[in-house]
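The structure appears right after this line, and notes come after that.
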Amino acid sequence: MFKINKLRAEILTDKSENITDLYGFDILFDQGLNIIAGPNSRGKTTINTCIYYALGMEELLGAHNEKALDKALKEEFTIKINEDGEGITYKVISSKIILEIENENKEIVCLERHIRTSTEDIKTSNIIIHYSSFEKINDINNTINKAVFFVNSRGNNEDSNGFYNWLSQFINIQLPQVSNNSRSDNYSPLYLQTVFSALFVEQTKGWSDFFATMPFFGITKAKEKVIEFILGLNEIVLSTKKDVLNKEKNIITEDWKRKIKSFSYLEKQTNSTIINVPEELTTDKAEIDKINIQFSTSEDEKINFSQFLNQKLETVKDLENRPISTIKENREQAILEFNKQKEEYFKLKDYIERFENKLRIEKQQFSSLNSQIMVVESEIKDHINLQKVFSENIINENGANQCPTCSQQVTINLISTKNIRIPQLTLEENTNFLRSQKKIIESSIGSLNETINEKEALLLYFKNSLRQKEILIKSISKDLIADDRAFSESEVVKKLQLEREIESLRLLNESVLEVKQELEVLANKYHNNNVQIGNLGESEKEDEAKLVAFETTYKNYLFDFGYDSNEKYQICINRKDPFKYLPVYINRKDGIFLPQSIRINSSASDFVRNIWAYTLSLLNNGINHPGVIMFDEPGQHRTNLSSLKALFKTSSEIKEKQTIIFTSIDKPLHNERDEKIDLDILIEDLETSNYKLIRLDNVHKVIGKLSS
């Protein structure tokens with residue numbers, strides 16, 4: 001665990017007389033509840049985002065590096081002389097944030113991170129760790145150790161030089177390995193950013209869902225893993241192993257389906273029927289052994305492979321043992337054979353035409369998918385370039401975020417923020433979405449390409465069969481117009497074709513046996529996979545006890561906050577998918593318990609109360625909780641003053657951990673009572689020793705001249 005002791009912003013301006021003439025702010029925090037209150041546009045968001053930034057968590061705000069911060073910290077700010085005056089504007093030359101934090105072992109460090117620098121040697125993607133309190137950083141009599149760690153780069157949760165790796169060690173939490181679909185080895189750490197999405201609730205997006213700002217890293221069921229980790233559930237180890245084993249199971253199942261599909265191609269190549277093919281994957285060897293080849297000799301008669309092969313062998317043997325017939329002796333049979341082969345020829349030709357048309361459509365689909373993936377790749381490239389544009393502030397060095405061509409405002413969000421209530425995707429979130437879309441298209445391309453290749457091979461077989469029939473028909477035609485005393489050419493051709501057919505039948509049998517062996521291997525893998533999953537077992541009783549305690553805390557908090565969309569008995573923490581470990585509304589219909597999303601079964605203000613209760617319950621009950629939570633403007637969606645008052649009261653009673661609440665004052669709540677946020681009412685029942693109030697000025701913004 002850790003707590004925040006002090007936040008300091010230092011800004012050197014164009015009006016600074018020397019390098020010690022600094023502007024900014026100093027905020028001191030205590031253990032327990034901290035309330036930062038003030039009118040709108042006085043700097044609450046500036047303080048809030050600085051904490052994110054100093055902890056390397058600005059990704060939760062939808063941005064990287066200094067791009068997440070207000071222009072007052074990196075471009076310019078204004079200090080009013082009086083309430084009516086316009087004030088003086090200061091240009092930022094350089095700026096940085098210093099955050100003093102302390103862990104449960106009483107170790108104190110300062111995190112220093114630059115925002116705007118006057119030299120290229122200092123990078124905003126680095127965080128400097130001073131192993132001392134703030135008061136001793138500049139003490140020339142003390143030799144202070146310091147180190148530099150990187151953020152917002154690959155490996156920063158695992159690399160010894162990564163800041164998140166350092167921070168997790170400092171706050172004494174060991175991040176577990178979890179299943180990750182984007183990693184070739186199937187595993188990654190439970191990234192610290194995902195854990196902090198359960199601690200920090202920001203104003204713009206944070207109140208729209210549980211863990212709404214969680215970045216996408218490819219972690220399987222990331223929300224579940226975060227909850228399991230914070231609550232210290234043993235299930236996190238089991239579920240991670242299950243995720244990997246289930247991924248293996250899906251691969252085995254897909255391989256099985258491909259092998260089963262290959263039977264249909266073998267059937268078409270030989271005009272056979274492969275019978276007793278199991279519809280679903282089976283681990284019963286007897287079921288695999290039953291797979292066999294069957295041929296239709298008439299509408300009613302079906303024979304097995306051995307019988308069919310023996311018939312062909314007998315026919316060849318008969319042709320070999322008897323003298324070649326003359327045309328006269330074979331004429332009647334030749335006419336019947338000619339008509340039969342001609343009918344089969346036109347049927348096959350018609351089938352090939354339809355087959356080619358379908359193949360042509362699939363090739364067009366293949367071409368369309370390749371075009372789509374080129375568009376997606378182009379969009380991904382554009383998004384990456386846009387991220388660079390915003391991260392490097394290329395659009396406007398003065399920070400106006402204006403288009404250089406038309407001068408209209410440009411935002412890193414993909415849709416305008418004005419009058420929009422729905423959650424918005426950041427450039428990074430949209431890039432991740434495009435990458436997942438690319439994976440889906442690539443998978444479709446791979447599957448379709450495999451199908452096309454198989455069908456092209458099959459088409460060659462069909463065309464070869466057509467040519468063989470043409471040869472046989474021509475030889476029979478020659479027989480029908482030749483001298484009756486001549487030997488029958490069609491018999492020779494027929495014998496040669498029968499020998500080729502026998503060879504094809506033997507190859508068919510070998511192919512079927514090979515596929516059956518491959519199915520047996522997959523069945524063994526599937527069996528072993530099931531055994532491994534079964535051996536993992538279910539969550540232990542200890543986990544259930546933790547979940548019961550967590551659920552009790554959550555429900556008590558929720559109804560203390562004035563939740564009234566549903567009755568207490570209708571709400572629980574779900575133990576299974578969907579919504580595992582999240583609050584659900586239980587719809588008791590016809591004796592069946594149907595868990596439904598708490599969000600769609602609660603009013604907007606009641607869902608905000610859910611987020612309050614859930615986040616505080618994780619703080620209170622979490623064995624591995626980092627020990628700090630932040631609420632930015634919790635008075636959302638027409639909540640009432642009494643609910644906010646209860647939130648402040650409950651937060652003040654959690655004394656061993658730290659809660660930071662940013663709230664406006666005199667802001668309308670837009671509820672039925674036409675209430676405003678009245679700070680005096682919110683804190684009137686709180687013991688003064690149970691909270692710290694940081695009251696921002698009604699006139700001046702938080703940035704001012706720092707005392708030396």
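A note on labels: chains of the structure tokens are A, B, ... as shown, every chain counts residues from 1, and ligands are counted from 1 in their shown order.
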Practice prompt. Apply DSSP to the backbone of this structure and, from region 481-631 of chain A, keep only the residues in alpha helix (DSSP H); write these as a PyMOL selection string.
Written response: chain A and resi 481+489-536+541-560+604-621
Worksheet item: Contacts of region 65-81 of chain A at 6 Å or less, counting only C-alpha atoms, minus same-chain residues fewer than 6 places along, as a ChimeraX atom specification?
Response: /A:87-92,115-116,391
If you keep all heavy atoms, can you produce a file of those selected residues as an mmCIF file, in the first residue's frame?
```
data_model
loop_
_atom_site.group_PDB
_atom_site.id
_atom_site.type_symbol
_atom_site.label_atom_id
_atom_site.label_comp_id
_atom_site.auth_asym_id
_atom_site.auth_seq_id
_atom_site.Cartn_x
_atom_site.Cartn_y
_atom_site.Cartn_z
ATOM 1 N N GLY A 87 -6.107 40.100 -15.611
ATOM 2 C CA GLY A 87 -4.976 39.340 -15.122
ATOM 3 C C GLY A 87 -3.768 39.393 -16.034
ATOM 4 O O GLY A 87 -3.787 39.994 -17.116
ATOM 5 N N ILE A 88 -2.704 38.743 -15.609
ATOM 6 C CA ILE A 88 -1.441 38.724 -16.344
ATOM 7 C C ILE A 88 -1.220 37.307 -16.867
ATOM 8 O O ILE A 88 -1.361 36.321 -16.138
ATOM 9 C CB ILE A 88 -0.274 39.140 -15.427
ATOM 10 C CG1 ILE A 88 -0.514 40.558 -14.883
ATOM 11 C CG2 ILE A 88 1.054 39.069 -16.172
ATOM 12 C CD1 ILE A 88 0.472 40.970 -13.808
ATOM 13 N N THR A 89 -0.838 37.208 -18.129
ATOM 14 C CA THR A 89 -0.585 35.903 -18.758
ATOM 15 C C THR A 89 0.900 35.588 -18.702
ATOM 16 O O THR A 89 1.743 36.427 -19.036
ATOM 17 C CB THR A 89 -1.067 35.893 -20.218
ATOM 18 O OG1 THR A 89 -2.480 36.136 -20.241
ATOM 19 C CG2 THR A 89 -0.789 34.550 -20.866
ATOM 20 N N TYR A 90 1.202 34.364 -18.284
ATOM 21 C CA TYR A 90 2.587 33.901 -18.160
ATOM 22 C C TYR A 90 2.825 32.765 -19.162
ATOM 23 O O TYR A 90 2.034 31.825 -19.228
ATOM 24 C CB TYR A 90 2.865 33.393 -16.747
ATOM 25 C CG TYR A 90 2.755 34.447 -15.669
ATOM 26 C CD1 TYR A 90 1.513 34.890 -15.216
ATOM 27 C CD2 TYR A 90 3.904 34.990 -15.090
ATOM 28 C CE1 TYR A 90 1.416 35.860 -14.225
ATOM 29 C CE2 TYR A 90 3.810 35.955 -14.094
ATOM 30 C CZ TYR A 90 2.559 36.382 -13.666
ATOM 31 O OH TYR A 90 2.469 37.336 -12.692
ATOM 32 N N LYS A 91 3.906 32.853 -19.910
ATOM 33 C CA LYS A 91 4.297 31.785 -20.827
ATOM 34 C C LYS A 91 5.167 30.776 -20.074
ATOM 35 O O LYS A 91 6.068 31.162 -19.320
ATOM 36 C CB LYS A 91 5.094 32.338 -22.010
ATOM 37 C CG LYS A 91 4.340 33.363 -22.851
ATOM 38 C CD LYS A 91 3.272 32.705 -23.698
ATOM 39 C CE LYS A 91 2.608 33.734 -24.615
ATOM 40 N NZ LYS A 91 1.516 33.129 -25.413
ATOM 41 N N VAL A 92 4.909 29.512 -20.292
ATOM 42 C CA VAL A 92 5.660 28.456 -19.606
ATOM 43 C C VAL A 92 6.955 28.171 -20.361
ATOM 44 O O VAL A 92 6.938 27.849 -21.549
ATOM 45 C CB VAL A 92 4.815 27.171 -19.493
ATOM 46 C CG1 VAL A 92 5.632 26.047 -18.854
ATOM 47 C CG2 VAL A 92 3.548 27.418 -18.686
ATOM 48 N N ILE A 115 7.226 18.195 -17.415
ATOM 49 C CA ILE A 115 6.096 18.422 -18.327
ATOM 50 C C ILE A 115 6.583 19.128 -19.587
ATOM 51 O O ILE A 115 6.407 18.654 -20.693
ATOM 52 C CB ILE A 115 5.001 19.264 -17.635
ATOM 53 C CG1 ILE A 115 4.493 18.551 -16.383
ATOM 54 C CG2 ILE A 115 3.841 19.532 -18.604
ATOM 55 C CD1 ILE A 115 3.623 19.407 -15.500
ATOM 56 N N ARG A 116 7.188 20.283 -19.378
ATOM 57 C CA ARG A 116 7.815 21.006 -20.488
ATOM 58 C C ARG A 116 9.274 21.225 -20.120
ATOM 59 O O ARG A 116 9.578 21.637 -19.001
ATOM 60 C CB ARG A 116 7.129 22.339 -20.737
ATOM 61 C CG ARG A 116 7.738 23.106 -21.909
ATOM 62 C CD ARG A 116 6.831 24.189 -22.409
ATOM 63 N NE ARG A 116 7.388 24.809 -23.613
ATOM 64 C CZ ARG A 116 6.693 25.497 -24.485
ATOM 65 N NH1 ARG A 116 5.390 25.661 -24.296
ATOM 66 N NH2 ARG A 116 7.250 26.019 -25.547
ATOM 67 N N SER A 391 0.993 13.850 -29.332
ATOM 68 C CA SER A 391 1.976 13.662 -28.269
ATOM 69 C C SER A 391 3.144 14.626 -28.420
ATOM 70 O O SER A 391 3.736 15.066 -27.441
ATOM 71 C CB SER A 391 2.486 12.218 -28.248
ATOM 72 O OG SER A 391 3.172 11.921 -29.441
#
```
Worksheet item: Restricting the calculation to only C-alpha atoms, which member of A:Asn126, A:Gln203, A:Asn529, A:Asn157 is positioned closest to Leu61 (chain A)?
Response: A:Gln203
Item to complete: Please provide as an MDAnalysis selection string all residues within 12 Å of region 234-243 of chain A, with the sequence filter that same-chain residues fewer than 6 positions apart are discarded (counting only C-alpha atoms).
Response: chainID A and resid 175:181 186:190 219:228 249:250 529:547 575:576 580:581 623
Hey, can you spit out that residue selection with C-alpha atoms as a PDB file, in the first residue's frame?
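The resulting result-v4.pdb:
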```
ATOM      1  CA  LEU A 175       1.580  -8.451  -9.859  1.00  0.00           C
ATOM      2  CA  PRO A 176       0.532 -11.973 -10.915  1.00  0.00           C
ATOM      3  CA  GLN A 177       1.036 -13.523 -14.323  1.00  0.00           C
ATOM      4  CA  VAL A 178      -2.258 -13.685 -16.215  1.00  0.00           C
ATOM      5  CA  SER A 179      -3.348 -15.031 -19.588  1.00  0.00           C
ATOM      6  CA  ASN A 180      -2.871 -12.584 -22.441  1.00  0.00           C
ATOM      7  CA  ASN A 181      -4.137 -13.204 -25.971  1.00  0.00           C
ATOM      8  CA  ASN A 186       0.044 -16.654 -23.526  1.00  0.00           C
ATOM      9  CA  TYR A 187       1.097 -14.817 -20.353  1.00  0.00           C
ATOM     10  CA  SER A 188       1.848 -11.285 -19.151  1.00  0.00           C
ATOM     11  CA  PRO A 189       1.820  -9.483 -15.816  1.00  0.00           C
ATOM     12  CA  LEU A 190      -1.477  -7.998 -14.667  1.00  0.00           C
ATOM     13  CA  ILE A 219      -5.502  -9.615 -20.997  1.00  0.00           C
ATOM     14  CA  THR A 220      -8.235 -12.254 -20.919  1.00  0.00           C
ATOM     15  CA  LYS A 221     -11.180 -11.043 -18.813  1.00  0.00           C
ATOM     16  CA  ALA A 222      -9.089  -8.180 -17.452  1.00  0.00           C
ATOM     17  CA  LYS A 223     -11.782  -6.835 -15.081  1.00  0.00           C
ATOM     18  CA  GLU A 224     -12.187 -10.248 -13.462  1.00  0.00           C
ATOM     19  CA  LYS A 225      -8.434 -10.567 -12.999  1.00  0.00           C
ATOM     20  CA  VAL A 226      -8.176  -7.125 -11.377  1.00  0.00           C
ATOM     21  CA  ILE A 227     -10.967  -7.934  -8.899  1.00  0.00           C
ATOM     22  CA  GLU A 228      -9.468 -11.357  -8.113  1.00  0.00           C
ATOM     23  CA  LYS A 249      -9.030 -26.400 -26.200  1.00  0.00           C
ATOM     24  CA  ASN A 250     -10.396 -23.955 -28.772  1.00  0.00           C
ATOM     25  CA  ASN A 529      -6.749 -30.831 -21.682  1.00  0.00           C
ATOM     26  CA  ASN A 530     -10.000 -31.781 -19.903  1.00  0.00           C
ATOM     27  CA  VAL A 531      -8.057 -33.697 -17.262  1.00  0.00           C
ATOM     28  CA  GLN A 532      -5.840 -30.665 -16.615  1.00  0.00           C
ATOM     29  CA  ILE A 533      -8.874 -28.357 -16.332  1.00  0.00           C
ATOM     30  CA  GLY A 534     -10.608 -30.839 -14.029  1.00  0.00           C
ATOM     31  CA  ASN A 535      -7.540 -31.080 -11.806  1.00  0.00           C
ATOM     32  CA  LEU A 536      -7.563 -27.310 -11.302  1.00  0.00           C
ATOM     33  CA  GLY A 537     -10.804 -27.581  -9.357  1.00  0.00           C
ATOM     34  CA  GLU A 538     -13.024 -24.711  -8.375  1.00  0.00           C
ATOM     35  CA  SER A 539     -12.467 -21.661  -6.207  1.00  0.00           C
ATOM     36  CA  GLU A 540     -11.815 -22.606  -2.608  1.00  0.00           C
ATOM     37  CA  LYS A 541     -14.113 -21.908   0.343  1.00  0.00           C
ATOM     38  CA  GLU A 542     -11.720 -19.164   1.412  1.00  0.00           C
ATOM     39  CA  ASP A 543     -12.559 -17.264  -1.795  1.00  0.00           C
ATOM     40  CA  GLU A 544     -16.281 -17.557  -1.113  1.00  0.00           C
ATOM     41  CA  ALA A 545     -15.825 -16.165   2.390  1.00  0.00           C
ATOM     42  CA  LYS A 546     -13.981 -13.150   0.931  1.00  0.00           C
ATOM     43  CA  LEU A 547     -16.684 -12.623  -1.669  1.00  0.00           C
ATOM     44  CA  ARG A 575     -20.015 -15.475  -8.985  1.00  0.00           C
ATOM     45  CA  LYS A 576     -20.158 -16.646 -12.608  1.00  0.00           C
ATOM     46  CA  LYS A 580     -18.450 -12.223 -12.858  1.00  0.00           C
ATOM     47  CA  TYR A 581     -17.567 -10.432  -9.579  1.00  0.00           C
ATOM     48  CA  ILE A 623      -6.051  -7.514   0.515  1.00  0.00           C
TER      49      ILE A 623
END
```
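Non-sequential neighbours of Ile108 (chain A) (distance at most 10 Å, separation of 4 or more positions within a chain, only C-alpha atoms) are A:Phe2, A:Lys3, A:Ile4, A:Asn5, A:Glu100, A:Ile101, A:Glu102, A:Asn103, A:Glu104, A:His130, A:Tyr131, A:Ser132, A:Ser133, A:Phe134, A:Phe170.
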